[in-house]
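A.B. asks: One file: work.cif (mmCIF, C-alpha atoms).
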```cif
data_protein
#
loop_
_atom_site.label_atom_id
_atom_site.label_comp_id
_atom_site.auth_asym_id
_atom_site.auth_seq_id
_atom_site.Cartn_x
_atom_site.Cartn_y
_atom_site.Cartn_z
CA MET A 1 40.00 -11.45 -1.79
CA LEU A 2 38.93 -8.29 0.05
CA ALA A 3 39.22 -10.13 3.36
CA SER A 4 42.82 -11.09 2.57
CA MET A 5 43.63 -7.50 1.59
CA LYS A 6 42.20 -6.10 4.83
CA LEU A 7 44.23 -8.59 6.80
CA SER A 8 47.41 -7.77 4.88
CA ASN A 9 46.91 -4.03 5.35
CA CYS A 10 46.37 -4.43 9.06
CA ILE A 11 49.42 -6.64 9.46
CA LEU A 12 51.42 -4.00 7.58
CA GLU A 13 50.12 -1.29 9.94
CA LEU A 14 51.30 -3.33 12.91
CA GLY A 15 54.85 -3.72 11.65
CA LEU A 16 55.27 -7.03 9.83
CA ASP A 17 57.50 -7.26 6.76
CA ILE A 18 54.93 -6.55 4.02
CA THR A 19 55.79 -4.09 1.27
CA ASP A 20 53.72 -1.33 -0.27
CA ALA A 21 54.28 -2.99 -3.64
CA GLN A 22 52.62 -6.17 -2.42
CA ILE A 23 49.61 -4.23 -1.13
CA LYS A 24 49.26 -2.26 -4.38
CA GLU A 25 49.43 -5.45 -6.39
CA LEU A 26 46.61 -6.94 -4.33
CA GLU A 27 44.54 -3.78 -4.68
CA SER A 28 44.91 -3.85 -8.45
CA ALA A 29 43.43 -7.36 -8.53
CA VAL A 30 40.30 -6.70 -6.48
CA HIS A 31 37.98 -6.61 -9.49
CA ASP A 32 40.06 -8.84 -11.75
CA ILE A 33 39.15 -12.37 -10.69
CA ASP A 34 39.75 -15.28 -13.04
CA PHE A 35 36.78 -17.43 -12.11
CA ASP A 36 37.64 -20.07 -14.69
CA SER A 37 41.03 -20.50 -13.06
CA ALA A 38 39.44 -20.66 -9.62
CA ALA A 39 37.03 -23.36 -10.82
CA ALA A 40 39.91 -25.38 -12.25
CA HIS A 41 41.88 -25.08 -8.99
CA GLU A 42 38.83 -26.08 -6.95
CA LYS A 43 38.31 -29.15 -9.09
CA ARG A 44 41.89 -30.14 -8.31
CA VAL A 45 42.23 -29.19 -4.60
CA ARG A 46 38.56 -29.67 -3.58
CA HIS A 47 38.68 -26.51 -1.43
CA ASP A 48 36.87 -23.31 -2.42
CA VAL A 49 38.92 -20.79 -0.44
CA MET A 50 42.28 -22.31 -1.38
CA ALA A 51 41.20 -22.33 -5.01
CA HIS A 52 40.81 -18.54 -4.85
CA VAL A 53 44.06 -18.18 -2.90
CA HIS A 54 45.92 -19.98 -5.70
CA THR A 55 44.11 -17.90 -8.33
CA LEU A 56 45.01 -14.66 -6.56
CA ALA A 57 48.61 -15.80 -6.14
CA GLU A 58 48.88 -16.36 -9.90
CA ARG A 59 47.53 -12.87 -10.52
CA CYS A 60 49.77 -11.32 -7.84
CA PRO A 61 53.13 -13.13 -7.85
CA CYS A 62 54.83 -10.42 -5.79
CA ALA A 63 52.19 -10.68 -3.05
CA ALA A 64 51.81 -14.46 -3.26
CA PRO A 65 53.98 -15.18 -0.18
CA ILE A 66 51.72 -13.13 2.13
CA ILE A 67 48.29 -14.07 0.79
CA HIS A 68 46.21 -15.78 3.50
CA LEU A 69 49.11 -15.35 5.95
CA GLY A 70 48.01 -16.74 9.32
CA ALA A 71 44.40 -16.91 8.15
CA THR A 72 41.91 -19.75 7.85
CA SER A 73 39.06 -20.50 5.48
CA CYS A 74 36.63 -19.49 8.21
CA TYR A 75 38.38 -16.15 8.57
CA VAL A 76 37.36 -15.49 4.96
CA GLY A 77 34.00 -17.27 4.87
CA ASP A 78 32.56 -16.48 8.28
CA ASN A 79 33.51 -12.81 8.28
CA THR A 80 32.02 -12.50 4.81
CA ASP A 81 28.83 -14.20 5.96
CA LEU A 82 28.47 -11.73 8.82
CA ILE A 83 28.79 -8.82 6.40
CA VAL A 84 26.21 -10.43 4.10
CA LEU A 85 23.81 -11.14 7.00
CA ARG A 86 23.93 -7.52 8.11
CA HIS A 87 23.46 -6.25 4.57
CA GLY A 88 20.54 -8.63 4.08
CA LEU A 89 18.83 -7.33 7.19
CA ASP A 90 19.48 -3.77 6.01
CA LEU A 91 17.52 -4.62 2.85
CA LEU A 92 14.64 -6.42 4.59
CA LEU A 93 13.97 -3.96 7.40
CA PRO A 94 12.94 -1.07 5.11
CA ARG A 95 10.68 -3.44 3.16
CA LEU A 96 9.00 -4.42 6.42
CA ALA A 97 8.69 -0.75 7.39
CA ALA A 98 6.92 -0.05 4.09
CA VAL A 99 4.38 -2.80 4.83
CA ILE A 100 3.83 -1.40 8.32
CA SER A 101 3.41 2.12 6.97
CA ARG A 102 0.84 1.15 4.34
CA LEU A 103 -1.10 -1.13 6.65
CA SER A 104 -1.20 1.59 9.32
CA LYS A 105 -2.95 3.88 6.83
CA PHE A 106 -5.50 1.14 6.14
CA ALA A 107 -6.06 0.66 9.88
CA ASP A 108 -6.59 4.37 10.42
CA GLU A 109 -9.00 4.69 7.50
CA ASN A 110 -11.14 1.81 8.80
CA LYS A 111 -10.74 2.18 12.55
CA SER A 112 -14.44 2.96 13.09
CA LEU A 113 -15.98 0.52 10.60
CA PRO A 114 -17.77 -2.20 12.65
CA ILE A 115 -17.27 -5.81 11.66
CA LEU A 116 -18.06 -9.15 13.28
CA GLY A 117 -15.37 -10.37 15.60
CA PHE A 118 -14.69 -14.10 15.81
CA THR A 119 -13.51 -16.42 18.55
CA HIS A 120 -13.20 -20.15 17.80
CA LEU A 121 -14.08 -19.00 14.24
CA GLN A 122 -17.59 -18.38 15.54
CA PRO A 123 -19.26 -14.94 15.53
CA ALA A 124 -18.44 -13.01 18.69
CA GLN A 125 -18.77 -9.38 19.79
CA LEU A 126 -18.09 -6.72 17.19
CA THR A 127 -14.70 -5.23 16.50
CA THR A 128 -13.68 -2.89 13.65
CA VAL A 129 -11.84 -3.47 10.38
CA GLY A 130 -9.09 -1.12 11.53
CA LYS A 131 -8.80 -2.75 14.94
CA ARG A 132 -8.33 -6.15 13.31
CA ALA A 133 -5.63 -4.66 11.06
CA SER A 134 -3.95 -3.25 14.16
CA LEU A 135 -3.57 -6.81 15.46
CA TRP A 136 -1.64 -7.69 12.30
CA LEU A 137 0.38 -4.51 12.72
CA SER A 138 1.21 -5.33 16.32
CA ASP A 139 2.81 -8.60 15.23
CA LEU A 140 4.73 -6.86 12.44
CA VAL A 141 6.06 -4.33 14.94
CA MET A 142 7.43 -7.20 17.02
CA ASP A 143 9.06 -8.60 13.89
CA GLU A 144 10.69 -5.25 13.15
CA ARG A 145 12.03 -5.18 16.69
CA ALA A 146 13.34 -8.75 16.44
CA LEU A 147 15.03 -8.16 13.08
CA SER A 148 16.53 -4.87 14.25
CA ARG A 149 17.84 -6.54 17.38
CA ALA A 150 19.34 -9.38 15.37
CA ARG A 151 20.96 -6.87 13.04
CA ASP A 152 22.37 -4.69 15.81
CA ASP A 153 23.62 -7.70 17.79
CA LEU A 154 25.76 -8.93 14.88
CA ARG A 155 29.49 -8.72 15.55
CA PHE A 156 32.55 -9.54 13.46
CA ARG A 157 34.36 -12.84 13.90
CA GLY A 158 37.65 -11.08 13.33
CA VAL A 159 41.05 -12.72 13.38
CA LYS A 160 40.93 -15.85 15.53
CA GLY A 161 42.83 -18.66 13.82
CA THR A 162 42.10 -22.36 13.43
CA THR A 163 40.50 -23.09 16.81
CA GLY A 164 39.84 -19.54 17.91
CA THR A 165 42.96 -19.14 20.09
CA GLN A 166 44.81 -16.71 17.76
CA ALA A 167 47.92 -18.86 18.14
CA SER A 168 49.11 -18.34 14.54
CA PHE A 169 48.88 -14.57 14.88
CA LEU A 170 50.65 -14.61 18.20
CA GLN A 171 53.49 -16.40 16.40
CA LEU A 172 53.48 -13.83 13.57
CA PHE A 173 53.89 -11.04 16.10
CA ASN A 174 56.57 -12.87 18.12
CA GLY A 175 54.35 -13.34 21.15
CA ASP A 176 53.09 -9.73 21.29
CA SER A 177 49.53 -10.26 22.54
CA LYS A 178 48.68 -6.54 22.35
CA LYS A 179 49.36 -6.47 18.62
CA VAL A 180 47.21 -9.55 18.05
CA ARG A 181 44.37 -7.90 19.92
CA ALA A 182 44.89 -4.65 17.98
CA LEU A 183 44.83 -6.59 14.71
CA ASP A 184 41.56 -8.29 15.65
CA LYS A 185 39.96 -4.97 16.51
CA ARG A 186 41.29 -3.14 13.47
CA VAL A 187 40.11 -5.76 10.97
CA ALA A 188 36.61 -5.54 12.49
CA GLU A 189 36.65 -1.75 12.20
CA LEU A 190 37.72 -1.84 8.55
CA ALA A 191 34.83 -4.21 7.86
CA GLY A 192 32.40 -1.72 9.41
CA PHE A 193 31.82 -3.44 12.77
CA ASP A 194 32.39 -1.69 16.08
CA LYS A 195 32.14 -4.96 17.99
CA ARG A 196 33.60 -8.42 17.50
CA TYR A 197 33.07 -11.80 19.11
CA ILE A 198 35.80 -12.04 21.73
CA VAL A 199 35.68 -15.83 21.84
CA THR A 200 35.00 -18.15 18.92
CA GLY A 201 35.87 -21.65 17.84
CA GLN A 202 37.01 -22.11 14.28
CA THR A 203 33.74 -20.41 13.31
CA TYR A 204 31.54 -17.82 14.92
CA SER A 205 28.87 -19.64 16.91
CA ARG A 206 26.05 -20.94 14.74
CA LYS A 207 23.79 -19.60 17.47
CA VAL A 208 24.20 -16.31 15.60
CA ASP A 209 22.61 -17.83 12.49
CA LEU A 210 19.87 -19.26 14.66
CA GLU A 211 19.05 -15.83 16.11
CA VAL A 212 18.78 -14.31 12.62
CA ILE A 213 16.74 -17.19 11.20
CA SER A 214 14.55 -17.15 14.30
CA ALA A 215 13.62 -13.51 13.63
CA LEU A 216 12.92 -14.27 9.97
CA SER A 217 10.91 -17.35 10.91
CA GLY A 218 8.87 -15.23 13.31
CA LEU A 219 8.12 -12.86 10.45
CA GLY A 220 6.92 -15.87 8.46
CA ALA A 221 4.50 -16.81 11.25
CA THR A 222 3.13 -13.26 11.33
CA VAL A 223 2.60 -13.12 7.57
CA HIS A 224 0.94 -16.53 7.51
CA LYS A 225 -1.51 -15.52 10.25
CA MET A 226 -2.34 -12.21 8.57
CA CYS A 227 -2.80 -13.66 5.09
CA SER A 228 -4.85 -16.55 6.46
CA ASP A 229 -7.17 -13.95 8.01
CA ILE A 230 -7.43 -12.19 4.65
CA ARG A 231 -8.30 -15.47 2.95
CA ILE A 232 -11.06 -16.15 5.50
CA LEU A 233 -12.45 -12.64 5.08
CA ALA A 234 -12.29 -13.02 1.28
CA SER A 235 -14.39 -16.18 1.54
CA ARG A 236 -16.99 -14.08 3.40
CA LYS A 237 -16.72 -11.35 0.71
CA GLU A 238 -15.98 -8.76 3.41
CA LEU A 239 -12.44 -7.91 2.35
CA GLU A 240 -10.29 -8.73 -0.67
CA GLU A 241 -6.71 -8.45 -1.79
CA PRO A 242 -6.09 -6.61 -5.09
CA PHE A 243 -7.68 -8.23 -8.13
CA GLU A 244 -6.79 -6.75 -11.49
CA ALA A 245 -9.30 -6.07 -14.26
CA SER A 246 -8.03 -8.81 -16.57
CA GLN A 247 -6.96 -11.24 -13.85
CA ILE A 248 -8.31 -14.81 -14.09
CA GLY A 249 -9.18 -16.48 -10.81
CA SER A 250 -9.75 -19.98 -12.17
CA SER A 251 -9.24 -21.68 -15.52
CA ALA A 252 -12.50 -23.63 -15.05
CA MET A 253 -14.66 -21.22 -13.03
CA PRO A 254 -14.67 -17.72 -14.59
CA TYR A 255 -16.44 -16.13 -11.61
CA LYS A 256 -13.68 -17.03 -9.12
CA ARG A 257 -11.63 -14.32 -7.38
CA ASN A 258 -9.08 -16.49 -5.64
CA PRO A 259 -6.82 -14.75 -3.08
CA MET A 260 -3.69 -15.95 -4.89
CA ARG A 261 -1.38 -13.28 -3.42
CA SER A 262 -2.32 -14.18 0.14
CA GLU A 263 -2.01 -17.86 -0.71
CA ARG A 264 1.45 -17.22 -2.11
CA CYS A 265 2.44 -15.39 1.06
CA CYS A 266 1.23 -18.32 3.15
CA ALA A 267 3.16 -20.77 0.99
CA LEU A 268 6.39 -18.77 1.27
CA ALA A 269 5.86 -18.05 4.96
CA ARG A 270 5.39 -21.72 5.69
CA HIS A 271 8.79 -22.45 4.14
CA LEU A 272 10.33 -19.60 6.14
CA ILE A 273 8.91 -21.04 9.35
CA THR A 274 10.44 -24.46 8.68
CA LEU A 275 13.96 -23.02 8.29
CA HIS A 276 14.07 -22.28 12.02
CA ALA A 277 14.38 -25.98 12.84
CA ASN A 278 17.17 -26.29 10.28
CA ALA A 279 19.23 -23.51 11.87
CA ALA A 280 18.57 -24.86 15.36
CA ASN A 281 19.71 -28.35 14.40
CA THR A 282 22.82 -27.01 12.67
CA HIS A 283 23.86 -25.16 15.82
CA ALA A 284 23.06 -28.14 18.03
CA VAL A 285 25.37 -30.54 16.18
CA GLN A 286 28.48 -28.35 16.00
CA TRP A 287 30.90 -30.53 17.95
CA LEU A 288 33.56 -28.83 20.05
CA GLU A 289 35.32 -26.10 18.00
CA ARG A 290 33.36 -26.94 14.78
CA THR A 291 32.40 -29.64 12.28
CA LEU A 292 31.92 -29.16 8.56
CA ASP A 293 28.37 -30.51 8.40
CA ASP A 294 27.19 -26.93 8.87
CA SER A 295 28.63 -25.62 5.61
CA ALA A 296 26.44 -27.05 2.85
CA ASN A 297 23.36 -26.62 5.03
CA ARG A 298 24.05 -22.95 5.77
CA ARG A 299 24.63 -22.10 2.12
CA ILE A 300 21.08 -23.21 1.42
CA THR A 301 19.33 -22.13 4.63
CA LEU A 302 20.70 -18.59 4.96
CA ALA A 303 20.18 -17.74 1.31
CA GLU A 304 16.69 -19.24 1.19
CA ALA A 305 15.65 -17.46 4.39
CA PHE A 306 16.52 -14.01 3.05
CA LEU A 307 15.23 -14.63 -0.47
CA THR A 308 11.98 -16.06 0.89
CA ALA A 309 11.50 -13.18 3.31
CA ASP A 310 12.17 -10.68 0.53
CA ALA A 311 9.63 -12.26 -1.84
CA THR A 312 7.09 -12.51 0.98
CA LEU A 313 7.41 -8.86 1.97
CA LEU A 314 7.17 -7.64 -1.63
CA THR A 315 3.98 -9.65 -2.14
CA LEU A 316 2.57 -8.52 1.20
CA LEU A 317 3.23 -4.87 0.34
CA ASN A 318 1.35 -5.35 -2.92
CA ILE A 319 -1.58 -6.76 -0.93
CA CYS A 320 -1.58 -3.91 1.58
CA GLN A 321 -1.50 -1.33 -1.21
CA GLY A 322 -4.75 -2.63 -2.66
CA LEU A 323 -6.91 -4.07 0.13
CA VAL A 324 -10.61 -3.65 -0.70
CA VAL A 325 -13.35 -3.51 1.94
CA TYR A 326 -17.05 -4.23 1.27
CA PRO A 327 -19.00 -2.36 3.99
CA LYS A 328 -22.45 -3.46 2.79
CA VAL A 329 -21.56 -7.13 2.96
CA ILE A 330 -20.08 -6.54 6.40
CA ALA A 331 -23.26 -4.74 7.48
CA ARG A 332 -25.42 -7.62 6.26
CA HIS A 333 -23.39 -10.12 8.24
CA ILE A 334 -23.63 -7.92 11.31
CA ALA A 335 -27.40 -7.69 10.89
CA GLN A 336 -27.62 -11.49 10.96
CA GLU A 337 -25.86 -11.72 14.32
CA LEU A 338 -26.36 -8.40 16.11
CA PRO A 339 -29.94 -9.09 17.32
CA PHE A 340 -28.62 -11.90 19.51
CA MET A 341 -25.77 -9.72 20.78
CA ALA A 342 -28.22 -6.91 21.57
CA THR A 343 -30.43 -9.01 23.87
CA GLU A 344 -28.67 -7.83 27.03
CA ASN A 345 -29.10 -4.21 25.94
CA ILE A 346 -32.81 -4.84 25.28
CA ILE A 347 -33.20 -6.33 28.76
CA MET A 348 -31.45 -3.32 30.34
CA ALA A 349 -33.69 -0.90 28.41
CA MET A 350 -36.82 -2.77 29.57
CA VAL A 351 -35.68 -2.68 33.19
CA GLN A 352 -35.11 1.09 32.90
CA ALA A 353 -38.64 1.33 31.48
CA GLY A 354 -40.03 -0.39 34.58
CA GLY A 355 -39.94 -4.05 33.54
CA ASP A 356 -38.88 -7.07 35.61
CA ARG A 357 -35.50 -8.39 34.54
CA GLN A 358 -36.34 -12.05 35.04
CA VAL A 359 -39.59 -11.80 33.10
CA CYS A 360 -37.84 -9.94 30.29
CA HIS A 361 -34.97 -12.43 30.25
CA GLU A 362 -37.39 -15.35 29.79
CA LYS A 363 -39.29 -13.63 26.98
CA ILE A 364 -36.03 -12.80 25.16
CA ARG A 365 -34.77 -16.35 25.67
CA VAL A 366 -37.89 -17.85 24.06
CA LEU A 367 -37.89 -15.38 21.16
CA SER A 368 -34.15 -15.92 20.57
CA HIS A 369 -34.57 -19.68 20.28
CA GLU A 370 -37.46 -19.22 17.87
CA ALA A 371 -35.39 -16.85 15.72
CA GLY A 372 -32.41 -19.20 15.90
CA ALA A 373 -34.56 -22.04 14.60
CA GLN A 374 -35.58 -19.90 11.61
CA VAL A 375 -31.90 -19.32 10.78
CA LYS A 376 -30.54 -22.84 11.37
CA GLN A 377 -33.46 -25.05 10.39
CA HIS A 378 -35.03 -23.05 7.58
CA GLY A 379 -32.11 -20.97 6.28
CA ARG A 380 -33.97 -17.71 6.79
CA ASP A 381 -32.76 -14.34 8.05
CA ASN A 382 -32.58 -13.59 11.75
CA ASP A 383 -36.06 -12.21 12.63
CA LEU A 384 -35.56 -11.73 16.37
CA ILE A 385 -36.15 -7.97 16.22
CA ASP A 386 -39.38 -8.45 14.26
CA ARG A 387 -40.55 -10.87 16.97
CA VAL A 388 -39.63 -8.34 19.67
CA LYS A 389 -41.58 -5.62 17.86
CA LYS A 390 -44.66 -7.86 17.61
CA ASP A 391 -44.66 -8.74 21.31
CA PRO A 392 -46.75 -6.17 23.25
CA TYR A 393 -44.51 -6.68 26.29
CA PHE A 394 -41.73 -4.71 24.57
CA THR A 395 -43.92 -1.76 23.53
CA PRO A 396 -42.18 0.68 25.95
CA ILE A 397 -38.80 0.34 24.18
CA ILE A 398 -39.81 0.01 20.52
CA PRO A 399 -38.74 3.63 19.77
CA GLN A 400 -35.28 2.81 21.21
CA LEU A 401 -34.60 -0.29 19.10
CA ASP A 402 -32.78 1.54 16.29
CA SER A 403 -30.31 3.07 18.72
CA ILE A 404 -30.01 -0.19 20.65
CA LEU A 405 -29.10 -1.93 17.38
CA ASP A 406 -26.61 0.72 16.22
CA ALA A 407 -23.50 -1.34 15.45
CA SER A 408 -21.19 1.53 16.39
CA THR A 409 -22.31 1.19 20.01
CA PHE A 410 -20.96 -2.38 20.15
CA ILE A 411 -17.32 -1.71 19.25
CA GLY A 412 -16.13 -0.40 22.59
CA ARG A 413 -12.95 1.67 22.39
CA ALA A 414 -11.73 0.04 19.17
CA PRO A 415 -11.34 3.34 17.25
CA GLU A 416 -9.54 5.00 20.15
CA GLN A 417 -7.32 1.93 20.58
CA VAL A 418 -6.27 2.10 16.95
CA THR A 419 -5.45 5.80 17.22
CA GLU A 420 -3.45 5.28 20.41
CA PHE A 421 -1.59 2.34 18.89
CA LEU A 422 -0.67 4.22 15.72
CA GLU A 423 0.49 7.27 17.66
CA GLU A 424 2.42 5.45 20.38
CA GLU A 425 3.81 2.43 18.52
CA ILE A 426 3.78 2.95 14.76
CA GLU A 427 4.73 6.59 14.29
CA PRO A 428 7.89 6.39 16.47
CA LEU A 429 8.97 3.21 14.66
CA LEU A 430 8.55 4.73 11.19
CA VAL A 431 10.70 7.74 12.11
CA LYS A 432 13.74 5.49 11.58
CA TYR A 433 12.73 4.97 7.96
CA LYS A 434 11.26 8.37 7.11
CA ASP A 435 13.91 9.26 4.51
CA ILE A 436 13.26 6.17 2.36
CA LEU A 437 9.59 5.32 2.95
CA ALA A 438 8.29 7.38 0.03
CA GLU A 439 10.44 5.40 -2.38
CA LEU A 440 9.65 2.06 -0.75
CA GLU A 441 5.89 2.64 -0.78
CA LYS A 442 5.69 3.12 -4.54
CA PRO A 443 3.18 0.66 -6.05
CA VAL A 444 4.57 -2.84 -6.30
CA ALA A 445 3.71 -4.65 -9.52
CA LEU A 446 3.75 -8.44 -9.40
CA ASN A 447 4.65 -10.00 -12.74
CA ILE A 448 2.93 -13.27 -11.90
#
```
Would you mind writing the structure in this file as structure tokens?
C.D. replies:
Amino acid sequence: MLASMKLSNCILELGLDITDAQIKELESAVHDIDFDSAAAHEKRVRHDVMAHVHTLAERCPCAAPIIHLGATSCYVGDNTDLIVLRHGLDLLLPRLAAVISRLSKFADENKSLPILGFTHLQPAQLTTVGKRASLWLSDLVMDERALSRARDDLRFRGVKGTTGTQASFLQLFNGDSKKVRALDKRVAELAGFDKRYIVTGQTYSRKVDLEVISALSGLGATVHKMCSDIRILASRKELEEPFEASQIGSSAMPYKRNPMRSERCCALARHLITLHANAANTHAVQWLERTLDDSANRRITLAEAFLTADATLLTLLNICQGLVVYPKVIARHIAQELPFMATENIIMAMVQAGGDRQVCHEKIRVLSHEAGAQVKQHGRDNDLIDRVKKDPYFTPIIPQLDSILDASTFIGRAPEQVTEFLEEEIEPLLVKYKDILAELEKPVALNI
């Protein structure tokens, strides 16, 4: 209805025979829609837009002759969809910014806390809790950029006619091409768009939907990766999502603290990821100027993509607001692996104390295999350092072992990297949302 009114107003501005009385009648009916009548018309004519055209004509008999004048269903539907897409992105982007803001605080607070790094899901060199969180943040920053780009790239379809040639409007204006162009531009402006697609078929290209869904699908991949990491860390008891005092983890196992929020995010994100293929296939099969096999699909895919992303971001914000770290568990896990990682440092210290590198290397190799056997074959703690201390060969460096085994000396520039990343990437991004972040970061309560 609003689309028809904008079109009628613009046509009036450009000199066609439309009266003020007709415009006022249309304006009076904006919020007075007889949906029962529209449903009855649609049952009869099997066409949603024409059902509303007939309903509006009944409500506005004076304006009936000009309703939908020169327009098409896709003028109404596609232009509306573009407005809805932009509004949807305007709702999601601040939610994403709130997640980024809260997670950046967590990264900063834990930027110097050593933790085992993993490659191939096997213990590797140390990193820090904050540095790992910065990897999640880095992906989220890319998602914010992709969603912002998709939002800013949206244009209005405008007034293009049945196959995009504007032939019907050229006829309305007696062949005056300048007025048709002015109408196209003015309708876009009234809808809040400063740009429009210059060329379209009957619809705007479904490539536009694909770009938007692609950005949302990318967000899904990021969330799934992050929440999978949290689930792995929860299984190691190093980090947990929020767990409320009366929350039940399992109906059969009272001790369980299942990461249900992260699991929910992964479930939703997986659905979001799959929608990319749907949008890609819909665009791929649009023959020539358009086919209608896009319509039913888009009504599901576009709505589900935004609703899924919204639910995912709300749940993720709840997680980020209550992440719990267990430093002592982390330290114990480091202690089980660090002696092996410190062997090169022990060799270097022995060489500086006058030892032969090759001799030292062989002694460390033998002791490491013995300690490894204790861990793997007997399930005992790593006793490599005790073996080093008992070997007279290493007497010159015994006083240095505590400093050699200081976990903070194995994290490289991780703390500085986090600080640099937050200052150079996160803070400038959050400036765009500074006026609304305080409201968005209020604690999120999940009902289930």
A.B. asks: Taking 4 positions as the minimum chain separation for residues in the same chain, which residues sit within 6 Å of range 166-180 of chain A when counting only C-alpha atoms? Answer as an MDAnalysis selection string.
C.D. replies: chainID A and resid 70 160:161
A.B. asks: Would you work out the distance separating CA of Gln22 in chain A from CA of Cys62 in chain A, expressed in Å to one decimal?
C.D. replies: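 Between CA of Gln22 in chain A and CA of Cys62 in chain A the gap is 5.9 Å.
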A.B. asks: Assuming the chain letters and numbering stay as they are in my file, what does the PyMOL selection byres ((chain A and resi 357-359) around 12) actually select? List them as a PyMOL selection string.
C.D. replies: chain A and resi 343-356+360-366+393-394
A.B. asks: Any chance you could resolve the PyMOL selection byres ((chain A and resi 140) around 9) against this file and give the residues as a list in words?
C.D. replies: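 Residues picked by the PyMOL selection byres ((chain A and resi 140) around 9): Leu96, Ala97, Val99, Ile100, Leu135, Trp136, Leu137, Ser138, Asp139, Val141, Met142, Asp143, Glu144, Arg145, Leu219, Thr222 and Val223 of chain A.
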A.B. asks: Extract, using all atoms listed in the file, all DNA, RNA and protein residues at most 8 Å from range 308-316 of chain A, discarding same-chain residues fewer than 5 positions from it, and format them as a list of chain:residue names.
C.D. replies: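 Selected residues are A:Leu92, A:Arg95, A:Leu96, A:Val99, A:Leu216, A:Leu219, A:Gly220, A:Val223, A:Arg261, A:Ser262, A:Arg264, A:Cys265, A:Leu268, A:Ala269, A:His271, A:Leu272, A:Val444, A:Leu446.
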A.B. asks: Hey, what's within 12 Å of Asp435 in chain A if we count all atoms listed in the file and toss same-chain stuff fewer than 4 positions away? As a list of chain:residue names, please?
C.D. replies: A:Pro94, A:Ala97, A:Ala98, A:Leu430, A:Val431, A:Glu439, A:Leu440, A:Glu441
A.B. asks: Go ahead and dump the residues you just picked, C-alpha atoms, as a PDB file, in the coordinates of the input.
C.D. replies:
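part.pdb, freshly written:
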```
ATOM      1  CA  PRO A  94      12.940  -1.070   5.110  1.00  0.00           C
ATOM      2  CA  ALA A  97       8.690  -0.750   7.390  1.00  0.00           C
ATOM      3  CA  ALA A  98       6.920  -0.050   4.090  1.00  0.00           C
ATOM      4  CA  LEU A 430       8.550   4.730  11.190  1.00  0.00           C
ATOM      5  CA  VAL A 431      10.700   7.740  12.110  1.00  0.00           C
ATOM      6  CA  GLU A 439      10.440   5.400  -2.380  1.00  0.00           C
ATOM      7  CA  LEU A 440       9.650   2.060  -0.750  1.00  0.00           C
ATOM      8  CA  GLU A 441       5.890   2.640  -0.780  1.00  0.00           C
TER       9      GLU A 441
END
```
A.B. asks: Could you state the separation of CA of Ile232 in chain A and CA of Phe410 in chain A in Å, given to one decimal place?
C.D. replies: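 Those two atoms sit 22.4 Å apart.
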A.B. asks: Could you spell out the hits of the PyMOL selection byres ((chain A and resi 375-383) around 12) on the shown file, as number ranges by chain?
C.D. replies: A: 332-341, 367-374, 384-390
A.B. asks: Kindly indicate which residue among A:Thr282, A:Thr72, A:Ser214, A:Asn79 lies nearest to Ala191 in chain A, using all atoms listed in the file for the distances.
C.D. replies: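 For Ala191 in chain A, the nearest of the given residues is A:Asn79.
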A.B. asks: Applying 6 Å and all atoms listed in the file, which residues near Arg155 in chain A remain after dropping the ones on its own chain fewer than 4 positions away? List them as an MDAnalysis selection string.
C.D. replies: chainID A and resid 195:197
A.B. asks: List the spatial neighbours of Asp108 in chain A as number ranges by chain - criterion: any atom at most 10 Å away, only C-alpha atoms, same-chain residues fewer than 2 positions off excluded.
C.D. replies: A: 103-106, 110-112, 129-131, 133-134, 415, 418-419, 422
A.B. asks: I'd like the interatomic distance between CA of Arg413 in chain A and CA of Lys434 in chain A, to a tenth of an Å.
C.D. replies: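 CA of Lys434 in chain A lies at a distance of 29.4 Å from CA of Arg413 in chain A.
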A.B. asks: Would you tabulate, counting only C-alpha atoms, all residues of range 71-116 of chain A that have an atom at most 10 Å from an atom of range 48-58 of chain A, showing the closest pair of atoms and their distance in Å to one decimal, sorted by chain then ascending number, as CSV?
C.D. replies:
```
residue,atom,partner,partner_atom,distance
A:Thr72,CA,A:Val49,CA,8.9
A:Ser73,CA,A:Val49,CA,5.9
A:Cys74,CA,A:Val49,CA,9.0
A:Val76,CA,A:Val49,CA,7.7
A:Gly77,CA,A:Val49,CA,8.0
```
A.B. asks: Please report, as JSON lines, each residue of range 342-414 of chain A lying at most 9 Å from range 119-128 of chain A, together with the nearest pair of atoms and the separation in Å rounded to one decimal; use all atoms listed in the file, and order rows by chain and ascending residue number.
C.D. replies:
```
{"residue": "A:Ala407", "atom": "CA", "partner": "A:Leu126", "partner_atom": "CA", "distance": 7.8}
{"residue": "A:Ser408", "atom": "CA", "partner": "A:Leu126", "partner_atom": "CA", "distance": 8.8}
{"residue": "A:Phe410", "atom": "CA", "partner": "A:Leu126", "partner_atom": "CA", "distance": 6.0}
{"residue": "A:Ile411", "atom": "CA", "partner": "A:Thr127", "partner_atom": "CA", "distance": 5.2}
{"residue": "A:Gly412", "atom": "CA", "partner": "A:Thr127", "partner_atom": "CA", "distance": 7.9}
{"residue": "A:Ala414", "atom": "CA", "partner": "A:Thr128", "partner_atom": "CA", "distance": 6.5}
```
A.B. asks: Between A:Ala279, A:Ile213, A:Gly322, A:Ile404, which residue has the minimum interatomic distance to Glu241 in chain A, considering only C-alpha atoms?
C.D. replies: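 For Glu241 in chain A, the nearest of the given residues is A:Gly322.
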